[in-house]
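Peer 1: Just dropping this structure here.
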Amino acid sequence: MGSIAQFLGRAVDLHRQAASLLLDAEASVAGLEDDQFAGAAADGELRRLVAQLQAVAQAGLPGWLGMPLDGRIVSRQLGQDARSGGPLFLRVGDAEPIRNSVFWAAAPFVGAGHLAIDTDARDRSVAAWLRGVLVRTIAALPEGSVRVLPVDGAMLGAVFTAFRPLIDAEAWAAPATTLAGLRTALDEAERQITAAQAGDLQALPVLLIAVAALPSGHGRAEWARLAAIAHAGPAARVHLLLAGWPPTLMHGDGPPRLDHTTMISSGVDGWWRMSETPGPYRLSADGSGLAAPIRLDPGASEDVAAEFSRRMAATAAVARRTDFASLMPDRIWQESSATGLRATVGRDGRIPYELVLDDATPHMLLAGRSGAGKTNLLLILLYALASRYSPDELGLYLLDFKEGVSFVEFTPTLKDPSWIPHARTVGIESDREYGLAVLQALTREMNRRAAALKAAGVTKLADLRASTDVALPRLVVVIDEFQVLFGANDTLARDAVAALEDLARKGRSYGIHLILASQTLAGIEALYTKKDSIFGQFPLRIALPGGSGILESGNTAADGLPVGSAVVNNAGGVEQANRTVRFPEADPASLAAQRHILWQSRSPVNEPPAVFAGYAEHHIDDDPLYRALTPQVRRRQALVGRAIDVGLPTVGFAMDAVPGRHLAVLGTSTIGADVLHAATASLASQHEPGTARFVVASFAAVADQVVDDLVAALTAAGHDCTEADGGTVRAILAELATAVPGRPTYLVAFAADVIVPLLGERGPERRTGLDDLRIVLRQGPGHGVHVLSWWRVARRFSDAIGGSAGREDVACLVALNVPGSELSSLLGDHTLSWQPRSNRALLLDRHDQRQRLIVPFVRPGRHDEINEPG
Ligand SMILES: Nc1ncnc2c1ncn2[C@@H]1O[C@H](COP(=O)(O)OP(=O)(O)OP(=O)(O)O)[C@@H](O)[C@H]1O
């Protein structure tokens, strides 16, 4: 600043001396027509002053700011000749107060005020001059710090053709050629001014409205807006470069004067006059401006401007790619979420656009056709939120119903052990049941918060936070392809709608925010009657390309958008509230870098999220509950799989003395063998070796490998484990039916359906093996005897237990690929709805009326072998 002030002080001083000499000279030679600057004594002195002025100008306008814009300058370094923040002076013309004695006339522009020239750019010298001002300004300032909004209402944008590479690189807007285009540019300028007035100056670029010619139809309304922008713009980094201002009028009052503006007005014979300039220094005592006439700066030829644009555009493209990082805060976890959540996700023009989730806009809908950038935008939003707010301020529940890996990002993987510390649960390719479970878990959390508010005697979450030491983070729930959850007209959809409605209506008061994303809202049958009451709670709408369906009907603004932009609307989709926001591509490297920053900063007690990947196999050997089992348990459990629920709890059946505590796995799927293996292995872990007896029988070749593994593992662990065939099983049943064994005994039968005919035969005492089986089933648990069995044919199982009379004797069931109708008649429960699905089973416990969808435990690699549901 010091050097600019010195330059100015000296220049103005010299100028005034020269101006007074000129006046004297003019007075002394009054009447001499030929040479207004004659007067020999003054002449020498004036030339000396002009030379000094030029020396000062050259020193003050280095490089791009003053040098001729010809072929020699195009390779000069960019972004070095001025710095942002301070006033930028540039050469606007050459003053020639005395023949053959020239100095550069400089005017302040960016950082100080505006420039206007009264002839529009249909005049070729004005067009070149205008290009020159743009090139000088942009080349001198730090790269990427200026955004230009070109307006050319007379030549369809031709004046700016040379800048095409910058327009294509989106560093500049496309030239506006109509009145509507001018208004859009003014809108952007006004928004920047408003943003700056709200205290957001730091992140704002220099915004330059460059008008080559005003479009036809402009009038008082636009003049008034320009005048207001001229007044308030410089403080908000908004500057005007106007050719054809003021517009000439046939009649009526002229346009208002523009504050902070240097005016260049045409004179005769190619001479122009320059007005006083804005800022603290006056060129003249009487406000008449520069004392000498000027020739316009020749500016930039098309070729020079084009060459310059290509260089700039290359850097702009790089800047665009790295934009994701610029949306992340410099320091993470600095904000409080007491009153809401805010995140900058992109730019509206060049103004950073902040999404807000708070009491006024609690929930958000996001839509766009496949490939429109939904995942990308969600990642930006979630990473930006997770970077602003610590895990004490924000928790994330992420659910994805589609095939894909959008939220894998948030979880530890083999390749990258990091996770986002805010993520509580992450569902990838989730089941609808899992979605419902997450919604219900959130409803419970909401009710807990409601009770805590009541107990504390406050009504607002912010007040509750203030009155307790316990962290009360806002919770953001993202459901991608949420329509899947409601896509069928069944009980689950109805339960999900009820939970969603509850959360949508009351969530705002308890810091719970929903983000629902979808390709379309069409076909959400279950929501149909509730559509308005639910979506009415979602004022914030983001429509990506093809996502106009979530805006009001007739609001089609999102239809023609390019990927990387969205219509953001925080008034439920009404057209007047549309804002077009551009967002960058979140490249994997930048995401990983940001994730590692967050992960490294996590607290030592931060656990990785509970991950549910719909496609994943679950193995008992990896199960934390199984690995923690010891003989010191109160009630032994036969573990069979993981429930489709938040946290994927391990589930099984208690094998205690209550009648009916036997396990039957039903279905032809080979997974039946795996489930039986898991149940047996888990029970074995709950006995000291040698204290229980395991009798294992396999009646089908498909189970042999599993049985071999099981027997080998139990034996290796020191258990008493014997293999049995049909005859042995029958003998053991007879023995167990008549005598109480001295220790717990497990009879484990794979493909038990095979021996039903054998057991049906009468023995010497006229009893059948089935009679013995039924006695064992009825009385066994009381004596520590449990039967664990896999039945490929459900009807055989029913026959074996004695039909409906024996139903209560086997209370623990796992249904695999048994058709729903068969299962309900087997159980005598016609309300049951079950459709066999790959990698899923239905757990039924007749004692506590439990019915749970589970991922059954399988042997590693099983899914690659089988084609389910067979
Ligand atoms: N801001 C952006 N700028 C440039 N490319 C982008 C941008 N956002 C997304 N893309 C690109 O568009 C493609 C689709 O993006 P994304 O996967 O986010 O879309 P989607 O709507 O989630 O798609 P789908 O629903 O099919 O999974 C990707 O190749 C991505 O790189």
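Just so we're on the same page: first chain in the structure tokens is A, next is B, and so on; residues restart at 1 for each chain, and ligands are numbered from 1 in the order they show up.
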Hey, which residues come within 7 Å of ligand 1 if we count only C-alpha atoms and all ligand atoms? Could you give them as a list in words?
Peer 2: Gly368, Arg369, Ser370, Gly371, Ala372, Gly373, Lys374, Thr375, Asn376, Leu377, Gln519, Val563, Gly564, Ser565, Arg582, Phe583, Pro584 and Glu585 of chain A
Peer 1: Among segment 179-334 of chain A, which ones does DSSP place in strand (DSSP E), written as a PyMOL selection string?
Peer 2: chain A and resi 206-213+238-243+261-266+272-274+294-296
Peer 1: Kindly export the residues of the current selection with C-alpha atoms, as an mmCIF file, in the first residue's frame.
Peer 2:
```cif
data_model
loop_
_atom_site.group_PDB
_atom_site.id
_atom_site.type_symbol
_atom_site.label_atom_id
_atom_site.label_comp_id
_atom_site.auth_asym_id
_atom_site.auth_seq_id
_atom_site.Cartn_x
_atom_site.Cartn_y
_atom_site.Cartn_z
ATOM 1 C CA VAL A 206 -13.735 -10.056 -7.289
ATOM 2 C CA LEU A 207 -16.887 -9.867 -9.381
ATOM 3 C CA LEU A 208 -16.623 -7.774 -12.487
ATOM 4 C CA ILE A 209 -19.635 -6.845 -14.582
ATOM 5 C CA ALA A 210 -18.216 -5.936 -17.973
ATOM 6 C CA VAL A 211 -20.753 -4.269 -20.255
ATOM 7 C CA ALA A 212 -19.750 -3.844 -23.896
ATOM 8 C CA ALA A 213 -23.155 -2.379 -24.703
ATOM 9 C CA VAL A 238 -18.047 -5.919 -6.999
ATOM 10 C CA HIS A 239 -16.871 -3.647 -9.813
ATOM 11 C CA LEU A 240 -18.370 -2.236 -12.970
ATOM 12 C CA LEU A 241 -16.724 -1.749 -16.325
ATOM 13 C CA LEU A 242 -19.331 -0.027 -18.483
ATOM 14 C CA ALA A 243 -19.088 0.914 -22.133
ATOM 15 C CA THR A 261 -16.630 5.850 -10.995
ATOM 16 C CA THR A 262 -13.997 7.215 -13.315
ATOM 17 C CA MET A 263 -15.761 8.455 -16.443
ATOM 18 C CA ILE A 264 -14.087 8.614 -19.816
ATOM 19 C CA SER A 265 -15.915 10.818 -22.281
ATOM 20 C CA SER A 266 -15.392 11.227 -25.967
ATOM 21 C CA TRP A 272 -11.094 11.727 -24.705
ATOM 22 C CA ARG A 273 -11.407 13.280 -21.283
ATOM 23 C CA MET A 274 -10.963 11.537 -18.009
ATOM 24 C CA ILE A 294 -6.078 11.456 -23.609
ATOM 25 C CA ARG A 295 -5.913 8.947 -26.404
ATOM 26 C CA LEU A 296 -7.567 5.687 -25.378
#
```
Peer 1: Taking a cut-off of 7 Å and counting only C-alpha atoms, can you build a table that, for each residue of segment 586-661 of chain A near segment 430-445 of chain A, reports the nearest atom pair and how far apart they are in Å (one decimal), sorted by chain then residue number, as a Markdown table?
Peer 2:
```
| residue | atom | partner | partner_atom | distance |
| --- | --- | --- | --- | --- |
| A:Phe612 | CA | A:Ser430 | CA | 7.0 |
| A:Ala613 | CA | A:Ser430 | CA | 6.5 |
| A:Gly614 | CA | A:Ser430 | CA | 5.1 |
| A:Ile644 | CA | A:Tyr434 | CA | 5.4 |
| A:Asp645 | CA | A:Tyr434 | CA | 5.4 |
| A:Val646 | CA | A:Val438 | CA | 5.9 |
```
Peer 1: Quick one: distance from atom CA of Ala558 of chain A to atom CA of Ala171 of chain A in Å, one decimal?
Peer 2: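 Separating atom CA of Ala558 of chain A from atom CA of Ala171 of chain A is a distance of 21.8 Å.
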Peer 1: Kindly give the distance, in Å, that separates atom CA of Pro421 of chain A and atom CA of Pro604 of chain A, rounded to a single decimal.
Peer 2: 10.6 Å
Peer 1: Could you pull the residues within 7 Å of segment 661-676 of chain A, counting only C-alpha atoms, minus those fewer than 5 positions along the same chain, as a PyMOL selection string?
Peer 2: chain A and resi 640+655-656+702-703+706+750+781+786-794+810-818+856-859+870
Peer 1: To test your reading of the structure, identify every residue in segment 356-477 of chain A that backbone DSSP assigns to helix (DSSP H, G or I), and report it as a ChimeraX atom specification.
Peer 2: /A:374-388,408-410,432-456,461-466
Peer 1: Quick one: residues within 12 Å of Ala306 of chain A, only C-alpha atoms, excluding same-chain residues fewer than 2 positions away - as a ChimeraX atom specification?
Peer 2: /A:69-71,74,131-132,135,159-167,300-304,308-313
Peer 1: Ranking A:Ala499, A:Ala360, A:Leu399, A:Leu551 by minimum distance to Ile515 of chain A and counting only C-alpha atoms, which one comes first?
Peer 2: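 Checking each of A:Ala499, A:Ala360, A:Leu399, A:Leu551 against Ile515 of chain A, counting only C-alpha atoms, the winner is A:Leu399.
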